[in-house]
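Chemist: As input, take my_file-v3.cif (mmCIF, C-alpha atoms):
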data_start
loop_
_atom_site.label_atom_id
_atom_site.label_comp_id
_atom_site.auth_asym_id
_atom_site.auth_seq_id
_atom_site.Cartn_x
_atom_site.Cartn_y
_atom_site.Cartn_z
CA MET V 21 77.02 75.58 -19.37
CA ALA V 22 77.04 73.96 -15.92
CA ARG V 23 76.40 70.24 -15.73
CA LEU V 24 72.76 69.40 -15.06
CA ASP V 25 73.61 67.32 -11.99
CA ARG V 26 75.22 70.34 -10.26
CA GLN V 27 72.14 72.53 -10.48
CA MET V 28 68.93 72.87 -8.50
CA PRO V 29 65.91 71.01 -10.00
CA SER V 30 64.41 74.23 -11.36
CA GLU V 31 67.72 75.18 -13.00
CA ARG V 32 68.18 71.69 -14.39
CA TRP V 33 64.67 71.80 -15.80
CA SER V 34 65.27 75.21 -17.42
CA ALA V 35 68.47 73.95 -19.00
CA LEU V 36 66.84 70.76 -20.24
CA TYR V 37 63.82 72.69 -21.50
CA GLU V 38 66.08 74.89 -23.62
CA ARG V 39 67.97 71.89 -24.93
CA LEU V 40 64.80 70.02 -25.84
CA SER V 41 63.36 73.13 -27.50
CA GLN V 42 66.25 73.15 -29.97
CA HIS V 43 65.19 69.77 -31.39
CA GLU V 44 62.47 69.14 -33.93
CA PRO V 45 60.26 66.06 -33.52
CA GLY V 46 61.97 62.94 -34.75
CA ALA V 47 64.21 60.08 -33.73
CA GLY V 48 66.85 62.40 -32.26
CA LEU V 49 64.31 64.08 -29.98
CA ASP V 50 62.86 60.72 -28.97
CA ARG V 51 66.30 59.49 -27.93
CA LEU V 52 66.97 62.67 -25.96
CA ILE V 53 63.67 62.35 -24.10
CA ALA V 54 64.37 58.69 -23.32
CA SER V 55 67.85 59.50 -22.04
CA HIS V 56 66.45 61.93 -19.46
CA ARG V 57 63.24 60.13 -18.52
CA ALA V 58 64.53 58.40 -15.38
CA GLU V 59 66.48 61.43 -14.16
CA VAL V 60 63.62 63.87 -14.64
CA ALA V 61 61.24 61.57 -12.76
CA THR V 62 63.26 62.29 -9.60
CA TRP V 63 62.73 66.05 -9.87
CA PRO V 64 59.70 67.65 -8.17
CA ALA V 65 56.75 67.86 -10.55
CA THR V 66 56.14 71.49 -9.64
CA GLU V 67 59.65 72.41 -10.81
CA ARG V 68 59.01 70.93 -14.25
CA PHE V 69 56.66 73.72 -15.29
CA VAL V 70 55.56 74.65 -18.81
CA ALA V 71 54.13 78.14 -19.36
CA PRO V 72 51.10 78.78 -21.60
CA GLU V 73 53.20 80.56 -24.24
CA SER V 74 55.48 77.52 -24.70
CA PRO V 75 55.70 76.26 -28.28
CA TRP V 76 55.42 72.79 -26.80
CA LEU V 77 51.70 73.51 -26.32
CA ALA V 78 51.05 74.32 -29.97
CA GLY V 79 48.32 72.03 -31.27
CA LEU V 80 47.14 71.12 -27.77
CA PHE V 81 43.57 72.21 -28.43
CA GLU V 82 43.46 70.10 -31.59
CA GLY V 83 44.57 67.03 -29.65
CA ARG V 84 48.22 67.08 -30.74
CA PHE V 85 50.55 66.44 -27.81
CA ASP V 86 54.19 67.41 -28.22
CA PRO V 87 56.36 64.44 -27.11
CA ARG V 88 58.49 66.76 -24.94
CA LEU V 89 55.49 67.27 -22.67
CA GLU V 90 56.05 63.76 -21.34
CA LEU V 91 58.78 65.22 -19.12
CA ALA V 92 56.66 68.12 -17.82
CA GLY V 93 55.25 67.98 -14.32
CA TYR V 94 52.92 70.99 -14.26
CA ALA V 95 51.60 73.31 -16.94
CA ARG V 96 49.40 76.31 -17.39
CA ILE V 97 47.32 76.30 -20.54
CA GLY V 98 45.21 79.09 -21.95
CA GLN V 99 43.31 80.15 -25.01
CA VAL V 100 41.61 83.40 -25.99
CA LEU V 101 39.30 83.28 -29.00
CA THR V 102 37.78 86.50 -30.33
CA ARG V 103 35.18 87.04 -33.03
CA HIS V 104 34.13 83.47 -32.38
CA ALA V 105 30.89 82.41 -34.03
CA GLY V 106 30.10 79.49 -31.73
CA SER V 107 28.12 79.66 -28.51
CA LEU V 108 28.57 78.01 -25.13
CA ALA V 109 25.98 75.68 -23.67
CA HIS V 110 25.21 78.13 -20.84
CA ARG V 111 22.55 75.99 -19.18
CA GLU V 112 25.02 73.13 -18.78
CA MET V 113 28.09 75.12 -17.77
CA PHE V 114 27.90 74.08 -14.11
CA GLY V 115 28.24 70.45 -15.14
CA ILE V 116 30.82 71.21 -17.83
CA ILE V 117 33.10 73.14 -15.47
CA SER V 118 32.70 70.38 -12.87
CA ALA V 119 33.69 67.76 -15.45
CA LEU V 120 36.75 69.74 -16.59
CA ALA V 121 37.83 70.36 -12.99
CA ALA V 122 37.44 66.68 -12.15
CA ARG V 123 40.18 65.87 -14.66
CA LEU V 124 42.52 68.01 -12.52
CA ASP V 125 41.17 66.56 -9.26
CA PRO V 126 39.07 63.38 -9.46
CA THR V 127 37.51 64.19 -6.07
CA PHE V 128 36.06 67.47 -7.37
CA ALA V 129 32.29 66.85 -7.36
CA PRO V 130 30.23 69.84 -6.21
CA PRO V 131 26.48 69.20 -5.89
CA ASP V 132 24.22 71.47 -7.90
CA VAL V 133 23.04 73.28 -4.78
CA VAL V 134 22.74 77.07 -4.68
CA LEU V 135 24.79 78.56 -1.83
CA ALA V 136 24.41 82.21 -2.84
CA GLU V 137 22.93 84.12 -5.75
CA GLN V 138 22.18 87.65 -6.84
CA ASN V 139 20.78 89.18 -10.01
CA THR V 140 20.48 92.92 -10.58
CA ILE V 141 20.31 92.78 -14.37
CA THR V 142 17.38 94.81 -15.67
CA SER V 143 16.33 96.11 -19.06
CA ALA V 144 15.75 99.85 -19.32
CA SER V 145 14.95 100.73 -22.93
CA GLY V 146 18.50 100.37 -24.13
CA CYS V 147 20.35 101.66 -21.07
CA GLY V 148 19.97 98.83 -18.59
CA GLY V 149 22.38 96.24 -17.32
CA GLY V 150 23.63 94.96 -13.99
CA GLN V 151 25.32 91.93 -12.50
CA GLU V 152 24.37 88.33 -11.87
CA THR V 153 26.37 86.04 -9.58
CA TRP V 154 25.86 82.62 -8.10
CA THR V 155 27.80 80.05 -6.14
CA ARG V 156 26.82 76.38 -6.25
CA GLY V 157 28.33 73.40 -4.49
CA ASN V 158 29.27 72.64 -0.92
CA ALA V 159 31.85 73.61 1.69
CA ALA V 160 34.64 71.77 -0.17
CA HIS V 161 33.94 72.38 -3.86
CA THR V 162 32.04 75.13 -5.65
CA ILE V 163 31.47 76.64 -9.05
CA ARG V 164 31.24 80.44 -9.06
CA PHE V 165 29.58 82.37 -11.86
CA SER V 166 29.62 86.10 -12.51
CA SER V 167 28.10 88.11 -15.31
CA ASN V 168 28.39 91.83 -16.00
CA ALA V 169 25.72 92.98 -18.43
CA THR V 170 25.29 96.20 -20.37
CA GLU V 171 22.35 97.15 -22.54
CA SER V 172 22.54 99.47 -25.53
CA PRO V 173 19.86 100.60 -28.03
CA SER V 174 21.78 99.15 -30.98
CA LEU V 175 23.09 95.86 -29.56
CA GLY V 176 20.60 95.00 -26.84
CA MET V 177 21.72 93.23 -23.67
CA ARG V 178 25.27 91.90 -23.82
CA SER V 179 27.42 90.43 -21.08
CA GLU V 180 30.85 89.24 -19.98
CA ASP V 181 30.52 85.93 -18.13
CA GLU V 182 32.97 83.85 -16.11
CA TRP V 183 32.80 80.45 -14.42
CA ALA V 184 35.50 79.33 -11.97
CA ALA V 185 36.13 76.10 -10.09
CA ILE V 186 36.87 76.76 -6.41
CA GLY V 187 38.37 74.18 -4.04
CA LEU V 188 40.92 72.57 -6.35
CA PRO V 189 44.24 71.45 -4.82
CA PRO V 190 47.12 73.93 -4.53
CA GLY V 191 48.63 74.60 -7.92
CA CYS V 192 45.38 73.83 -9.77
CA THR V 193 43.13 76.52 -11.24
CA LEU V 194 40.34 76.53 -13.79
CA SER V 195 38.29 79.40 -15.16
CA VAL V 196 36.28 79.86 -18.35
CA GLY V 197 34.98 83.09 -19.84
CA SER V 198 32.47 84.08 -22.49
CA GLY V 199 31.88 87.60 -23.74
CA ASP V 200 29.27 89.00 -26.10
CA PHE V 201 31.03 92.30 -26.80
CA PHE V 202 33.87 90.76 -28.80
CA ASP V 203 32.40 87.26 -29.11
CA ASP V 204 35.30 85.97 -27.02
CA ARG V 205 35.83 82.60 -25.37
CA THR V 206 38.65 82.18 -22.86
CA LEU V 207 40.18 79.33 -20.89
CA SER V 208 42.79 79.47 -18.16
CA ALA V 209 43.81 76.27 -16.42
CA ALA V 210 46.80 75.05 -14.45
CA GLY V 211 47.58 71.71 -12.90
CA PRO V 212 49.60 68.52 -13.03
CA CYS V 213 50.58 66.88 -16.27
CA PRO V 214 49.25 65.09 -18.13
CA ALA V 215 45.79 65.87 -16.71
CA VAL V 216 45.83 69.59 -17.50
CA LEU V 217 47.04 68.87 -21.03
CA GLU V 218 44.09 66.55 -21.63
CA LEU V 219 41.69 69.46 -21.08
CA GLY V 220 42.66 70.90 -24.47
CA PRO V 221 40.38 68.86 -26.76
CA ALA V 222 37.50 69.07 -24.27
CA TRP V 223 37.74 72.87 -24.19
CA SER V 224 37.66 72.92 -28.00
CA ALA V 225 34.43 70.92 -27.79
CA VAL V 226 33.03 73.43 -25.28
CA VAL V 227 33.64 76.40 -27.61
CA ARG V 228 31.89 74.50 -30.39
CA GLY V 229 28.80 74.44 -28.18
CA ALA V 230 29.11 70.84 -27.00
CA THR V 231 26.64 69.51 -24.45
CA LEU V 232 27.73 68.13 -21.10
CA ASP V 233 27.44 64.56 -22.38
CA GLU V 234 29.61 65.41 -25.39
CA VAL V 235 32.25 67.06 -23.19
CA ARG V 236 32.31 64.03 -20.92
CA ARG V 237 32.74 61.78 -23.95
CA VAL V 238 35.71 63.82 -25.21
CA LEU V 239 37.31 63.75 -21.74
CA ALA V 240 36.86 59.98 -21.55
CA GLN V 241 38.48 59.50 -24.95
CA THR V 242 41.41 61.87 -24.50
CA ARG V 243 44.71 60.48 -23.25
CA VAL V 244 48.25 61.60 -23.96
CA PRO V 245 50.14 58.96 -25.97
CA TRP V 246 52.71 58.30 -23.22
CA ARG V 247 50.15 57.65 -20.46
#
Write the structure described by the file as C-alpha cells, please.

Modeler:
Amino acid sequence: MARLDRQMPSERWSALYERLSQHEPGAGLDRLIASHRAEVATWPATERFVAPESPWLAGLFEGRFDPRLELAGYARIGQVLTRHAGSLAHREMFGIISALAARLDPTFAPPDVVLAEQNTITSASGCGGGQETWTRGNAAHTIRFSSNATESPSLGMRSEDEWAAIGLPPGCTLSVGSGDFFDDRTLSAAGPCPAVLELGPAWSAVVRGATLDEVRRVLAQTRVPWR
C-alpha cells in the first residue's frame, strides 16, 4: 500500500478510514487516532467524509459516538423507521426543523412567515386526497413542507409528509419525512462534523414525539466527547 503522505487527501483519508475500521474500540485504537490527529487536521474537512452506511455511525441515534468520528470532517447521516408507533409533533415541526438546521448553521433562523401555500386536500367519501405545500421564512432561509394525501374507505385520510431546510451552506442538507401508510419516519442530513453527528439524539427525541422545547433541550445537552 502506498504511503499516506504520497497520496491525495481523499486517498489518504480512504486508506486511513480502512485502517481505522480494522480496529475495535480500545487503547490500540485510541493510540492510532492520536497518532494521526495532527496530520488529519491539515486535510480538507470535505475530503474526510463518512457515509451514512458507515459502521462508525452505529449507535449515533442513541447518543453513542464512535471515537473514530473525531477525525471525520463531514458526514451524511440517515435513518428510516417503519412500523413506528410514535407520532411527530406536527404543529411544532417548523420550529423543530429550524432548531435542527441551526446546529448545522448557527445563522439559520427563518421567521415563521408564510411565503407561499397551497392546499388541495379534500375528503370525498373515501376517495379524496390532494396535496398541501407551504414555504415559510425569508429570502435567505426557509422551511418547505409538502404533503401528499390519499383517502380510502378503510383507512381514511393518510399522507406522506416532508419538511426540508432550504438555505443551508454548501454541503449541508436536512430533510425529515413522516408517512402514515407504513408509519415511517425518515431523516437525511449532511454537514460538518461534529455538528451533524450531534443531530442524532435530537432526531430520536423527535420521533418519540418530543415538543420543540424538548428538542432544544436535547440539542443543548448533546456534545461529542472530543469537542

Chemist: With distances taken over all atoms listed in the file, which residue among V:Ala222, V:Leu124, V:Val216, V:Ala169 lies nearest Leu77 (chain V)?

Modeler: V:Val216

Chemist: Got a sec: who's within 9 Å of Asn168 (chain V), counting all atoms listed in the file, leaving out chain neighbours fewer than 6 positions off, as a list in words?

Modeler: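 Listed by chain and then number, they are Ile141, Gly149, Gly150, Gln151, Glu152, Thr153, Arg178, Ser179, Glu180 and Asp181 of chain V.
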
Chemist: For the PyMOL selection byres ((chain V and resi 208) around 9), applied here, can you spell out every residue it catches as number ranges by chain?

Modeler: V: 96-100, 193-197, 206-207, 209-210

Chemist: What separation in Å, quoted to one decimal, exists between CA of Phe81 (chain V) and CA of Asp200 (chain V)?

Modeler: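 Computing it gives 22.2 Å between the two atoms.
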
Chemist: What would the selection look like, as a ChimeraX atom specification, if the PyMOL selection byres ((chain V and resi 33) around 9) were run on the coordinates I just shared?

Modeler: /V:24,28-32,34-38,60,63,67-69

Chemist: What is the CA of Pro212 (chain V)-CA of Arg39 (chain V) distance in Å, reported with one decimal?

Modeler: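 About the pair CA of Pro212 (chain V) and CA of Arg39 (chain V): they are 22.1 Å apart.
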
Chemist: Using all atoms listed in the file, which residue out of V:Ala184, V:Gly211, V:Ser145, V:Thr155 lies closest to Ser172 (chain V)?

Modeler: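 Among V:Ala184, V:Gly211, V:Ser145, V:Thr155, it is V:Ser145 that comes nearest to Ser172 (chain V).
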
Chemist: Which of these, V:Ala109, V:Ala47, V:Leu188, V:Ala144, has the shortest distance to Arg123 (chain V) once you count only C-alpha atoms?

Modeler: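 Smallest distance to Arg123 (chain V) is found for V:Leu188.
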
Chemist: Please evaluate the PyMOL selection byres ((chain V and resi 232-243) around 8) against the displayed coordinates and give the resulting residues as a list in words.

Modeler: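 This file gives the following for the PyMOL selection byres ((chain V and resi 232-243) around 8): Gly83, Glu112, Met113, Gly115, Ile116, Ala119, Leu120, Arg123, Glu218, Leu219, Pro221, Ala222, Ala225, Val226, Ala230, Thr231, Val244, Pro245 and Arg247 of chain V.
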
Chemist: Would you kindly return, as a PyMOL selection string, each protein, DNA or RNA residue with an atom no farther than 9 Å from any atom of Leu135 (chain V), considering all atoms listed in the file and excluding same-chain residues fewer than 3 positions away?

Modeler: chain V and resi 154-158+162

Chemist: Go ahead and compute the interatomic distance for CA of Tyr94 (chain V) and CA of Asp132 (chain V), in Å to one decimal.

Modeler: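 If I compute the distance from CA of Tyr94 (chain V) to CA of Asp132 (chain V), I get 29.4 Å.
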
Chemist: Counting all atoms listed in the file, find residues at most 9 Å from (59.6, 75.8, -24.8) (file frame) and give them as a list in words.

Modeler: Tyr37, Glu38, Leu40, Ser41, Gln42, Val70, Ala71, Glu73, Ser74, Pro75, Trp76 and Leu77 of chain V

Chemist: Could you tell me which of V:Pro87, V:Pro130, V:Gly48, V:Gly199 comes closest to Ile186 (chain V) if we count all atoms listed in the file?

Modeler: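 Going through V:Pro87, V:Pro130, V:Gly48, V:Gly199 one by one, the smallest distance to Ile186 (chain V) is for V:Pro130.
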
Chemist: Kindly indicate which residue among V:Glu182, V:Ala159, V:Pro45, V:Ala54 lies nearest to Phe85 (chain V), using only C-alpha atoms for the distances.

Modeler: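 Checking each of V:Glu182, V:Ala159, V:Pro45, V:Ala54 against Phe85 (chain V), counting only C-alpha atoms, the winner is V:Pro45.
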
Chemist: Using all atoms listed in the file, which of V:His43, V:His161, V:Arg228, V:His104 sits nearest Asp204 (chain V)?

Modeler: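 Once distances to Asp204 (chain V) are computed over all atoms listed in the file, the minimum belongs to V:His104.
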
Chemist: Please put the answer as lines of an AutoDock Vina configuration file: centre and edge lengths, in Å with one decimal, of a box along x, y and z that encloses all listed atoms of region 170-179 of chain V plus 6 Å on each side.

Modeler:
center_x = 23.6
center_y = 95.5
center_z = -25.7
size_x = 19.6
size_y = 22.2
size_z = 22.6

Chemist: Please, can region 171-184 of chain V be completed to N, CA, C and O atoms and returned as a short mmCIF file (atom, residue, chain, number, x, y, z; two decimals), in the frame of the given file?

Modeler:
data_model
loop_
_atom_site.label_atom_id
_atom_site.label_comp_id
_atom_site.auth_asym_id
_atom_site.auth_seq_id
_atom_site.Cartn_x
_atom_site.Cartn_y
_atom_site.Cartn_z
N GLU V 171 23.35 97.07 -21.48
CA GLU V 171 22.35 97.15 -22.54
C GLU V 171 22.55 98.42 -23.34
O GLU V 171 22.80 99.49 -22.78
N SER V 172 22.45 98.30 -24.66
CA SER V 172 22.54 99.47 -25.53
C SER V 172 21.41 99.42 -26.55
O SER V 172 20.90 98.35 -26.88
N PRO V 173 20.96 100.58 -27.06
CA PRO V 173 19.86 100.60 -28.03
C PRO V 173 20.17 99.80 -29.29
O PRO V 173 19.28 99.19 -29.89
N SER V 174 21.44 99.80 -29.72
CA SER V 174 21.78 99.15 -30.98
C SER V 174 22.07 97.66 -30.85
O SER V 174 21.76 96.87 -31.74
N LEU V 175 22.65 97.25 -29.71
CA LEU V 175 23.09 95.86 -29.56
C LEU V 175 22.25 95.05 -28.59
O LEU V 175 22.39 93.83 -28.52
N GLY V 176 21.38 95.71 -27.83
CA GLY V 176 20.60 95.00 -26.84
C GLY V 176 21.44 94.66 -25.61
O GLY V 176 22.46 95.28 -25.35
N MET V 177 21.03 93.63 -24.88
CA MET V 177 21.72 93.23 -23.67
C MET V 177 22.90 92.31 -24.01
O MET V 177 22.71 91.29 -24.66
N ARG V 178 24.08 92.71 -23.58
CA ARG V 178 25.27 91.90 -23.82
C ARG V 178 26.02 91.77 -22.51
O ARG V 178 25.90 92.62 -21.62
N SER V 179 26.79 90.70 -22.38
CA SER V 179 27.42 90.43 -21.08
C SER V 179 28.80 89.82 -21.23
O SER V 179 29.16 89.27 -22.28
N GLU V 180 29.56 89.92 -20.14
CA GLU V 180 30.85 89.24 -19.98
C GLU V 180 30.67 88.26 -18.83
O GLU V 180 30.41 88.66 -17.69
N ASP V 181 30.81 86.98 -19.12
CA ASP V 181 30.52 85.93 -18.13
C ASP V 181 31.79 85.15 -17.78
O ASP V 181 32.67 84.96 -18.63
N GLU V 182 31.84 84.67 -16.54
CA GLU V 182 32.97 83.85 -16.11
C GLU V 182 32.49 82.77 -15.15
O GLU V 182 31.67 83.04 -14.27
N TRP V 183 33.04 81.57 -15.33
CA TRP V 183 32.80 80.45 -14.42
C TRP V 183 34.16 80.03 -13.87
O TRP V 183 35.14 79.92 -14.62
N ALA V 184 34.23 79.75 -12.59
CA ALA V 184 35.50 79.33 -11.97
C ALA V 184 35.26 78.18 -11.02
O ALA V 184 34.27 78.16 -10.28
#
